[in-house]
Amino acid sequence: MSVTKHGAGGGHFTYEDLRHTPDDGKRYEVLEGALIVSPSPRTKHQRTVTMVFEVLLKAARTGHGEAFPAPFDVVFSEHDVTEPDLLFVTKERKDIITEDNIQGAPDLVVEIISEGSRKRDVITKRGIYERYGVRFYWLVDPEEETVRVFELKDGAYSEPVTLCAGQPLTCPLFPGISEDVGTLFAQP
């Protein structure tokens, strides 16, 4: 569900406006100046988040950087504030991590597609992540059981590599860490 509101100054919604939004348990983001409200994710989405987060935690535990799950704001600009399902910041760029949020582009952003987020994740957020320099964007689809890997090259995302069960999910940010894509979608 998308809600567009004007900010306190009558123009686009800002991060400051977002910070004053009452906490009602919903997920809020500011995408291109519009306030976006998302319902709580479903079980399959959350299971997938947990499995992908385990991969990022392996990378963090081996000293490559730090991993964070939602809710945690990523502030790209006053009018672009996302709350990715997962993100990773390398140790070399840890200065963008603050107590309140991430200030700037993480090295890796992971979005798990849910029923209501497909267009937003595939088009809007992908465009924001590309524009602000997120090096790697993983778009994980629990229904198709695939991971599309986007890599930023010369300021634009290359054609994504689509991975499925039996193929390894790896990232140059954390060499030596690999997970079969099929395990990300395994049911308990």
# chains A, B, ... in the order shown; residues from 1 in each chain; ligands from 1
call {"tool": "residues_around", "arguments": {"residues": "Glu179 in chain A", "least_positions_apart": "5", "cutoff": "8 Å", "atoms": "only C-alpha atoms", "output": "number ranges by chain"}}
result
A: 55, 168-170
call {"tool": "residues_around", "arguments": {"residues": "Glu54 in chain A", "least_positions_apart": "3", "cutoff": "12 Å", "atoms": "only C-alpha atoms", "output": "ChimeraX atom specification"}}
result
/A:47-51,57-61,67-69,86,88,177-179,183-184
call {"tool": "closest_residue", "arguments": {"among": "A:Thr21, A:Arg148, A:Val134, A:Phe174", "to": "Thr162 in chain A", "atoms": "only C-alpha atoms"}}
result
A:Arg148
call {"tool": "closest_residue", "arguments": {"among": "A:Cys171, A:Tyr132, A:Glu78, A:Ile97", "to": "Tyr157 in chain A", "atoms": "only C-alpha atoms"}}
result
A:Tyr132
call {"tool": "residues_around", "arguments": {"residues": "Arg93 in chain A", "least_positions_apart": "5", "cutoff": "9 Å", "atoms": "only C-alpha atoms", "output": "list in words"}}
result
Gly65, Pro106 and Asp107 of chain A
call {"tool": "write_last_selection", "arguments": {"atoms": "N, CA and C atoms", "output": "short mmCIF file (atom, residue, chain, number, x, y, z; two decimals), in the first residue's frame"}}
result
data_model
loop_
_atom_site.label_atom_id
_atom_site.label_comp_id
_atom_site.auth_asym_id
_atom_site.auth_seq_id
_atom_site.Cartn_x
_atom_site.Cartn_y
_atom_site.Cartn_z
N GLY A 65 32.66 -7.25 7.88
CA GLY A 65 31.83 -6.06 8.07
C GLY A 65 30.72 -6.33 9.07
N PRO A 106 24.82 1.47 1.82
CA PRO A 106 25.47 0.24 2.29
C PRO A 106 26.17 -0.43 1.10
N ASP A 107 27.05 -1.36 1.39
CA ASP A 107 27.73 -2.09 0.31
C ASP A 107 26.81 -3.11 -0.34
#
call {"tool": "atom_distance", "arguments": {"atom1": "CA of Phe72 in chain A", "atom2": "CA of Val37 in chain A"}}
result
14.9 Å
call {"tool": "select_by_dssp", "arguments": {"residues": "range 107-169 of chain A", "states": "strand (DSSP E or B)", "output": "ChimeraX atom specification"}}
result
/A:108-112,136-141,146-153,156-157,161-163,168-169
call {"tool": "atom_distance", "arguments": {"atom1": "CA of Asp141 in chain A", "atom2": "CA of Asn101 in chain A"}}
result
25.9 Å
